[in-house]
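Each remark here refers to the structure printed beneath this line.
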Amino acid sequence: MSKDALRYRREKALERRSRVWSALEPVAYLLPFMVSIIVFTVYPFFNVVFMSFREGFDLLTNTDNGIGLGNYAFVLSNRDFINALTNTGIYVAVVVPVSAALAIVLANLLNRKVRGMAIFQTAYFLPMVTSAMAVGLAWRYIFLRDFGVLNQVLGWFGVDKINWLQRYPWSLYALIIFGIWSNLPFTIILILSGLQNIDETYYTAARVDGARSTRIFFRITVPLLAPTIGLVLTINTISASKVFSELFALFNGPGIGGSLFTVVYYIYEQFAKQKHAWAAAAAMILFVLIFIATMVQQYIQRKWTY
Amino acid sequence: MLVEMRSLTKHFGITQAVNDFTVTLPDGELVSLLGPSGCGKSTVLNMLAGILKPTSGQVLFDGEDVTGLPPERRGIGLVFQNYALYPHMTVLNNISFPLEIQKVPRAERMARAKAMADMVHVGNLLNRRPRELSGGQQQRVAIARALVKNPQLLLLDEPLSNLDARLRLEMREEIRRIQQKTQVTTVFVTHDQEEAMSISDHIALMKDGYLQQYDTPQELYNDPDNQFVADFLGSPPINHLTGTLLGSVFTLTDNSASFPLPLPAEGVPEGKELILAIRAESAEAAGQGEAHFTAQVKQVYTMGKEELAYLMVGTQEMRAYIDLDQGITPGITLPIRLKPRGVFLFDQVTGVRYQ
Ligand SMILES: Nc1ncnc2c1ncn2[C@@H]1O[C@H](COP(=O)(O)OP(=O)(O)O)[C@@H](O)[C@H]1O
Ligand SMILES: [Mg+2]
């Protein structure tokens with residue numbers, strides 16, 4: 001074979017290899033991520049869906065008494081679960097809007113160019129970098145019945161001592177206060193970034209026309225913030241629905257006599273008691289509820305946003 | 001409203017944005033603030049609006065000192081470069097928002113907003129949102145919003161710069177029409193000399209925070225106070241022949257040509273570095289015995305109805321609109337006569353005009 005023909009074949013081979021590589025290269029980059037998603041998210045998800053329908057399921061032997069809605073029937077009539085659903089519902093219904101509203105107000109204050117702002121900003125974001133357990137412990141002291149700061153302060157206003165940590169529903173209120181407080185920093189960051197995306201000239205235009213800050217806030221800032229607020233509500237609804245670790249931080253568990261069950265705590269407990277199918281059914285119910293809530297929110301937001 | 005600016009000065013730290021700016025805007029006129037980017041036009045406008053507080057100097061509206069008044073008490077309408085229409089409000093709500101702030105009753109508010117929308121020709125778009133409008137339509141809405149509260153002074157900061165060329169021409173005429181209809185004293189900021197020349201009653205030309213000249217467009221063009229003014233106005237830009245004067249003979253810098261100076265030049269020091277500035281329309285082919293100097297024809301371009309010739313005077317280039325009917329082609333030597341208008345002599349270093 002001539003030299004030229006050899007070179008031609010070599011080049012062809014190289015070209016072919018590079019064509020194969022260029023098709024495979026993206027796959028190679030994506031692979032680690034895809035594998036971990038499939039192993040840790042997709043597979044478990046479908047496994048849970050399946051598990052939730054397996055009546056009398058035993059994880060160790062991987063056996064069941066058949067497919068049906070028995071697990072759902074049990075969970076939905078279980079007192080602890082109803083209790084958990086109620087607590088979680090109240091928690092979400094209060095924590096999400098309140099922390100969003102507080103965050104909007106605080107973010108507006110933070111968005112000014114005032115001296116010493118850095119100190120304020122650090123103070124607000126402190127909860128984000130502090131361990132939840134340490135913070136929870138600090139809040140336990142705040143909530144203490146006899147020596148807690150909160151009761152002391154309330155005492156000045158003539159409020160009797162409240163047993164925040166050991167009496168339902170006060171424990172739920174304590175959980176809510178703690179939830180709002182720990183939700184704030186992240187929420188404020190999101191709102192702040194939304195605020196900073198609002199063009200300064202809208203404010204100048206409104207001010208030149210004589211608008212005061214209240215009107216500017218409600219007629220311009222809030223509507224222009226709508227997409228961000230929608231995002232914050234969605235994210236916080238999802239995360240608040242999964243309230244769980246806060247229970248350990250404040251109460252070492254689901255409160256006195258299990259009065260403070262939340263849905264995820266319930267799931268956790270069923271799991272710990274080897275009732276995997278019940279846990280799966282509860283998880284599915286939570287999933288569907290979050291899904292519905294998110295859809296409703298998206299729908300409302302689409303109507304509301306410009 | 002008669003607007004007076006007296007020695008307006010604004011410093012931002014060490015940046016001297018505006019210095020000793022004194023201009024009076026006659027009632028009902030459209031006055032342009034013209035100058036290159038960064039020369040302080042917006043700063044002047046914002047001091048008129050009350051958005052910026054002057055470092056020193058005064059602003060007077062109809063003789064009343066308003067220097068300390070906040071924007072909302074000055075009765076002005078403002079149009080921003082990016083229009084700043086509220087994206088979440090419809091056209092109608094955008095226009096009526098200033099009236100809402102003034103707590104005008106709803107029915108009257110809507111009626112006035114609609115009337116204003118009709119005047120700027122967006123009456124058929126009342127329920128659209130800004131993002132559903134073209135640039136020109138947004139511009140009209142912004143003007144309507146600025147005018148709806150019947151301001152005594154309308155301020156427009158580069159209102160056309162976000163539009164494409166064709167729309168810019170159209171909206172320029174629209175702004176003129178609306179201004180003449182409402183007779184509101186208007187300040188129009190632009191860096192586009194052609195825009196300013198075509199739209200304004202008066203132009204204040206600025207450079208580096210200083211007022212260069214305040215005059216009608218024609219005066220500015222025909223009688224510039226200094227070289228910057230002559231250079232800034234006109235298209236193609238005014239020609240420069242650099243040289244010195246000996247007696248009454250103008251000699252180009254490298255001695256490549258010399259000719260008797262075609263304009264009076266009293267008090268010009270001998271040997272001073274000068275610029276003979278000639279507008280493209282001020283040079284023509286000379287008849288017998290009328291020539292001021294001769295030039296080589298390098299190239300001729302037909303630009304629509306006009307024909308532009310590139311000429312070499314000695315080693316220096318100039319452009320002139322010359323009637324090509326006379327068989328003028330590249331390569332020939334052409335006797336040139338300068339018209340009395342549009343020829344100026346400037347100091348090359350300071351830009352001062354000799355006349
Ligand atoms: N808020 C400000 N802080 C500091 N410098 C400024 C500020 N506003 C304008 N300047 C400076 O003042 C000068 C004039 O600005 P401006 O009035 O915006 O110019 P123009 O509108 O003619 O382009 C520029 O050098 C600009 O950088
Ligand atoms: Mg500007």
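Ligands are numbered from 1 in the order shown, residues from 1 within each chain, and chains are lettered A, B, ... in the order they appear in the structure tokens.
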
What are the residues of chain A that have an atom within 10 Å of an atom of chain B, counting only C-alpha atoms, as a PDB file with C-alpha atoms, in the first residue's frame?
ATOM      1  CA  ASP A 199     -34.879  48.688  38.357  1.00  0.00           C
ATOM      2  CA  GLU A 200     -34.211  51.792  40.428  1.00  0.00           C
ATOM      3  CA  THR A 201     -35.940  54.004  37.844  1.00  0.00           C
ATOM      4  CA  TYR A 202     -39.382  52.612  38.753  1.00  0.00           C
ATOM      5  CA  TYR A 203     -38.892  54.088  42.194  1.00  0.00           C
ATOM      6  CA  THR A 204     -37.557  57.357  40.817  1.00  0.00           C
ATOM      7  CA  ALA A 205     -40.523  57.605  38.459  1.00  0.00           C
ATOM      8  CA  ALA A 206     -42.984  57.015  41.283  1.00  0.00           C
ATOM      9  CA  ARG A 207     -41.235  59.432  43.617  1.00  0.00           C
ATOM     10  CA  VAL A 208     -41.185  62.180  41.000  1.00  0.00           C
ATOM     11  CA  ASP A 209     -44.928  61.678  40.668  1.00  0.00           C
ATOM     12  CA  GLY A 210     -45.228  62.140  44.408  1.00  0.00           C
ATOM     13  CA  ALA A 211     -45.740  58.577  45.646  1.00  0.00           C
ATOM     14  CA  ARG A 212     -44.951  57.952  49.326  1.00  0.00           C
ATOM     15  CA  ARG A 215     -47.768  53.319  48.124  1.00  0.00           C
ATOM     16  CA  ILE A 216     -44.482  52.537  46.398  1.00  0.00           C
ATOM     17  CA  ARG A 219     -48.123  49.278  44.237  1.00  0.00           C
ATOM     18  CA  ILE A 220     -44.635  48.772  42.873  1.00  0.00           C
ATOM     19  CA  PRO A 223     -46.128  43.401  42.477  1.00  0.00           C
ATOM     20  CA  LEU A 224     -42.672  43.468  40.931  1.00  0.00           C
ATOM     21  CA  ALA A 226     -44.455  38.633  42.770  1.00  0.00           C
ATOM     22  CA  TRP A 304     -51.222  37.105  39.809  1.00  0.00           C
ATOM     23  CA  THR A 305     -47.913  37.752  38.087  1.00  0.00           C
ATOM     24  CA  TYR A 306     -47.695  40.352  35.340  1.00  0.00           C
TER      25      TYR A 306
END

Taking only C-alpha atoms and all ligand atoms into account, which residues are within 10 Å of ligand 2, as a ChimeraX atom specification?
/B:35-46,80-81,157-158,189-191

As JSON, numbers by chain, list the residues of region 55-269 of chain B assigned to strand (DSSP E) by DSSP on the backbone atoms of this structure.
{"B": [56, 57, 58, 59, 60, 61, 64, 65, 76, 77, 78, 79, 153, 154, 155, 156, 157, 185, 186, 187, 188, 189, 190, 202, 203, 204, 205, 206, 207, 210, 211, 212, 213, 214, 215, 239, 240, 241, 242, 243, 244, 245, 246, 249, 250, 251, 252, 258, 259, 260]}

Would you pick out the contacts of Val92 (chain A) at 10 Å or less, using only C-alpha atoms, so that residues sharing its chain but fewer than 5 positions from it are not included, and give the list as a ChimeraX atom specification?
/A:86-87,97-98,176,179-180,236-243

Pick out the residues sitting within 7 Å of region 325-341 of chain B, and hand them over as a PyMOL selection string; count only C-alpha atoms, and ignore anything fewer than 3 positions along from it in its own chain.
chain B and resi 222+282-286+290-300

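Excluding Gly258 (chain A) itself and same-chain residues fewer than 3 positions from it, the residues having an atom within 10 Å of it are Asp80, Asn83, Ala84, Tyr168, Gly253, Pro254, Gly255, Phe261, Thr262 and Tyr266 of chain A, counting only C-alpha atoms.
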
Suppose we keep C-alpha atoms; can you now write the selection as a short mmCIF file (atom, residue, chain, number, x, y, z; two decimals), in the first residue's frame?
data_model
loop_
_atom_site.label_atom_id
_atom_site.label_comp_id
_atom_site.auth_asym_id
_atom_site.auth_seq_id
_atom_site.Cartn_x
_atom_site.Cartn_y
_atom_site.Cartn_z
CA ASP A 80 -51.11 9.59 65.21
CA ASN A 83 -52.59 14.28 64.45
CA ALA A 84 -49.41 14.60 62.41
CA TYR A 168 -49.76 21.03 73.60
CA GLY A 253 -38.99 13.94 69.82
CA PRO A 254 -42.65 14.45 68.98
CA GLY A 255 -43.53 16.33 72.18
CA PHE A 261 -46.28 14.32 65.63
CA THR A 262 -45.52 15.74 62.20
CA TYR A 266 -44.58 9.79 61.66
#

For His240 (chain B): contacts at 9 Å, only C-alpha atoms, fewer than 5 positions along chain excluded, given as an NGL selection string:
:B and (275-279 or 316-318)

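Those residues of region 49-85 of chain A that DSSP, working from the backbone, places in alpha helix (DSSP H) are Val49, Phe50, Met51, Ser52, Gly70, Asn71, Tyr72, Ala73, Phe74, Val75, Leu76, Ser77, Arg79, Asp80, Phe81, Ile82, Asn83, Ala84 and Leu85 of chain A.
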
Write out as a VMD selection string each polymer residue whose atoms come within 6 Å of Asp20 (chain B), counting only C-alpha atoms; drop sequence neighbours fewer than 6 positions from it.
chain B and resid 7 to 9

Write the selection just made, keeping all heavy atoms, as an mmCIF file, in the first residue's frame?
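After the write, result-v3.cif holds the following:
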data_model
loop_
_atom_site.group_PDB
_atom_site.id
_atom_site.type_symbol
_atom_site.label_atom_id
_atom_site.label_comp_id
_atom_site.auth_asym_id
_atom_site.auth_seq_id
_atom_site.Cartn_x
_atom_site.Cartn_y
_atom_site.Cartn_z
ATOM 1 N N SER B 7 -25.839 79.477 37.422
ATOM 2 C CA SER B 7 -24.557 78.953 37.921
ATOM 3 C C SER B 7 -24.699 77.580 38.554
ATOM 4 O O SER B 7 -24.104 77.298 39.587
ATOM 5 C CB SER B 7 -23.953 79.905 38.958
ATOM 6 O OG SER B 7 -23.720 81.142 38.375
ATOM 7 N N LEU B 8 -25.503 76.728 37.946
ATOM 8 C CA LEU B 8 -25.682 75.386 38.500
ATOM 9 C C LEU B 8 -24.366 74.623 38.468
ATOM 10 O O LEU B 8 -23.672 74.585 37.452
ATOM 11 C CB LEU B 8 -26.711 74.604 37.697
ATOM 12 C CG LEU B 8 -28.167 74.698 38.116
ATOM 13 C CD1 LEU B 8 -28.994 73.706 37.332
ATOM 14 C CD2 LEU B 8 -28.314 74.470 39.606
ATOM 15 N N THR B 9 -24.037 74.025 39.598
ATOM 16 C CA THR B 9 -22.795 73.268 39.710
ATOM 17 C C THR B 9 -23.095 71.990 40.458
ATOM 18 O O THR B 9 -23.851 72.007 41.428
ATOM 19 C CB THR B 9 -21.744 74.093 40.480
ATOM 20 O OG1 THR B 9 -21.483 75.286 39.740
ATOM 21 C CG2 THR B 9 -20.450 73.320 40.649
#

Interatomic distance between CA of Leu175 (chain A) and CA of Tyr299 (chain A)?
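So the answer is 29.5 Å.
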
How far is it from CA of Leu195 (chain A) to atom 4 (C, counted along the ligand's line) of ligand 1, in Å with one decimal?
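Answer for the CA of Leu195 (chain A) to atom 4 (C, counted along the ligand's line) of ligand 1 separation: 22.7 Å.
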
CA of Gly194 (chain A) to CA of Val222 (chain A), straight-line distance in Å:
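Interatomic distance, CA of Val222 (chain A) to CA of Gly194 (chain A): 10.2 Å.
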
Which residue of B:Ala117, B:Met47, B:Leu220, B:Val229 approaches ligand 1 most closely, using only C-alpha atoms and all ligand atoms:
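Of the candidates, the smallest distance to ligand 1 is held by B:Met47.
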